[in-house]
Amino acid sequence: MARENIRATVLGFAGAFVVFAVLFYFAGVDELVDRLTMADPVLLAAVFTVTLVWLVSWGTSLKTVLGVLGIEISVVRSFLVFAGAMFSNNITPFGQAGGEPVTALLISRSTDTEYETGLAAIASVDTLNFVPSITIALIGAGYYATEVTLGRNLEIALVAVVALAIGVPAAVYTVWQRRYTLERRIIRALTPVIRTLARYVPRLSVPTASGIERRINGFFRSIERVGRNPRGLAVALGLSGFGWFCQMLALWLAFQAIGAPIAFSIALFVVPIGAIAGVTPLPGGAGGIEWTLAILVAAASSAVSFDVATAGVVLFRGFIYWVPTLLGGVVMGVESARGRRT
């Protein structure tokens, strides 16, 4: 299974390399390099700082959710754990969907809690992060529409955001109302699969049916505890919204750094829309997010050409993608070494 995961990751990065190659070809490599090398170092430091603040904000959101579940963790520890979570998301295909199982294991080891609790915590944080992103995108798009006439690309993006703003909450509400039925179905479906896989995985004992049911029940009870804590939800949502604001500020600063300023209202709605492109077979959405952001920024700003938009987006993503990936890689390496010693 580990070999299959490695193969998927390698293929994902190979695909991302191809996507980037095509992007750089259309944007122009020479123009891109010239823009990036002339970036203001002071503003680059500002982008780096804002990136760290974003990680602290979402890490503290994770700390809040864990607190609701009765698990105490420091702000520093939650920051490092969340960096590890971002590392998992950024190196696995399909972004958060691919990285959450690894992240749950990291949370479990870091907080000495059960795996299903860690999975419930990171799943709750990811769900909570969706709400402010779409809300801010709608506000930004609405404000931007009062200033200029939306082009076709922006109209399509706005329709997609509105559809998500309506569809996802409706789906979440439906699932929540039928959670007990869903829980029973998942138990019936997963129990034989898990027991069969366990027979072929080295060093893994075959779990009993009651043990699997207990763990799945534990996951749903943890989700329910988070959903029934209004104060915790409000704090986590506030931290999530602030984290999104930091990402938007980082994009705005990135364009300031290359001498091609854009309206902040553009950053408000293109960053959440770009994040949707992260749900691709590419690791962490690498390549797909850059393409989406570059197209949207170029379409939204008449003063910014596609090559300039690509330079600003590459600079922005260079910090947003690689800072948590490198930092989280160190965290995961330390945790893996600790796990081998124990």
# chains A, B, ... in the order shown; residues from 1 in each chain; ligands from 1
>>> residues_around(residues="A:Phe26", least_positions_apart="6", cutoff="12 Å", atoms="only C-alpha atoms", output="VMD selection string")
chain A and resid 19 to 20 32 291 294 to 295 305 to 311
>>> closest_atom_pairs(of="stretch 281-339 of chain A", to="stretch 229-253 of chain A", cutoff="10 Å", atoms="only C-alpha atoms", output="Markdown table")
| residue | atom | partner | partner_atom | distance |
| --- | --- | --- | --- | --- |
| A:Leu293 | CA | A:Leu251 | CA | 9.9 |
| A:Gly312 | CA | A:Leu251 | CA | 7.4 |
| A:Val313 | CA | A:Leu251 | CA | 7.1 |
| A:Val314 | CA | A:Leu251 | CA | 9.7 |
| A:Leu315 | CA | A:Leu251 | CA | 8.4 |
| A:Phe316 | CA | A:Leu251 | CA | 5.4 |
| A:Arg317 | CA | A:Leu251 | CA | 8.3 |
| A:Phe319 | CA | A:Ala250 | CA | 8.7 |
| A:Ile320 | CA | A:Gln247 | CA | 7.6 |
>>> write_last_selection(atoms="C-alpha atoms", output="PDB file, in the first residue's frame")
ATOM      1  CA  LEU A 293      -5.905  32.135 -10.345  1.00  0.00           C
ATOM      2  CA  GLY A 312       2.031  37.269  -9.201  1.00  0.00           C
ATOM      3  CA  VAL A 313       0.194  33.990  -8.717  1.00  0.00           C
ATOM      4  CA  VAL A 314       3.407  31.918  -8.850  1.00  0.00           C
ATOM      5  CA  LEU A 315       4.937  34.187  -6.217  1.00  0.00           C
ATOM      6  CA  PHE A 316       1.850  33.936  -4.015  1.00  0.00           C
ATOM      7  CA  ARG A 317       1.619  30.162  -4.353  1.00  0.00           C
ATOM      8  CA  PHE A 319       4.778  30.952  -0.227  1.00  0.00           C
ATOM      9  CA  ILE A 320       1.305  29.466   0.392  1.00  0.00           C
TER      10      ILE A 320
END
>>> closest_residue(among="A:Arg35, A:Ile276, A:Gly287, A:Ala254", to="A:Phe13", atoms="only C-alpha atoms")
A:Gly287
>>> closest_residue(among="A:Val68, A:Leu23, A:Ile91, A:Trp58", to="A:Leu282", atoms="only C-alpha atoms")
A:Ile91
>>> residues_around(residues="A:Gly288", least_positions_apart="2", cutoff="8 Å", atoms="only C-alpha atoms", output="JSON, numbers by chain")
{"A": [16, 19, 277, 278, 280, 282, 285, 286, 290, 291, 292]}
>>> closest_residue(among="A:Leu106, A:Phe87, A:Ser78, A:Asn129", to="A:Leu62", atoms="only C-alpha atoms")
A:Ser78
>>> closest_residue(among="A:Leu44, A:Ala121, A:Ala299, A:Val331", to="A:Gly67", atoms="only C-alpha atoms")
A:Ala121
>>> atom_distance(atom1="atom CA of A:Leu69", atom2="atom CA of A:Trp54")
23.1 Å
>>> atom_distance(atom1="atom CA of A:Gly333", atom2="atom CA of A:Gly84")
9.4 Å
>>> atom_distance(atom1="atom CA of A:Thr135", atom2="atom CA of A:Val270")
12.4 Å
>>> residues_around(residues="A:Leu268", least_positions_apart="4", cutoff="7 Å", atoms="only C-alpha atoms", output="list in words")
Ile136, Ala137, Gly140, Met248 and Phe264 of chain A
>>> write_last_selection(atoms="N, CA, C and O atoms", output="PDB file, in the first residue's frame")
ATOM      1  N   ILE A 136     -16.900  34.993   1.826  1.00  0.00           N
ATOM      2  CA  ILE A 136     -16.011  36.084   1.428  1.00  0.00           C
ATOM      3  C   ILE A 136     -15.967  36.216  -0.088  1.00  0.00           C
ATOM      4  O   ILE A 136     -15.939  37.333  -0.631  1.00  0.00           O
ATOM      5  N   ALA A 137     -15.968  35.081  -0.798  1.00  0.00           N
ATOM      6  CA  ALA A 137     -15.952  35.124  -2.264  1.00  0.00           C
ATOM      7  C   ALA A 137     -17.185  35.836  -2.807  1.00  0.00           C
ATOM      8  O   ALA A 137     -17.092  36.644  -3.747  1.00  0.00           O
ATOM      9  N   GLY A 140     -16.807  39.581  -2.056  1.00  0.00           N
ATOM     10  CA  GLY A 140     -15.823  40.191  -2.949  1.00  0.00           C
ATOM     11  C   GLY A 140     -16.332  40.323  -4.367  1.00  0.00           C
ATOM     12  O   GLY A 140     -16.160  41.365  -5.014  1.00  0.00           O
ATOM     13  N   MET A 248      -5.732  36.064   1.174  1.00  0.00           N
ATOM     14  CA  MET A 248      -6.088  37.106   0.206  1.00  0.00           C
ATOM     15  C   MET A 248      -5.127  38.279   0.284  1.00  0.00           C
ATOM     16  O   MET A 248      -4.726  38.849  -0.742  1.00  0.00           O
ATOM     17  N   PHE A 264      -7.934  44.976  -4.053  1.00  0.00           N
ATOM     18  CA  PHE A 264      -8.061  43.953  -3.019  1.00  0.00           C
ATOM     19  C   PHE A 264      -9.357  43.154  -3.188  1.00  0.00           C
ATOM     20  O   PHE A 264      -9.415  41.978  -2.818  1.00  0.00           O
TER      21      PHE A 264
END
>>> closest_residue(among="A:Val65, A:Ser88, A:Thr113, A:Ile71", to="A:Arg228", atoms="only C-alpha atoms")
A:Val65
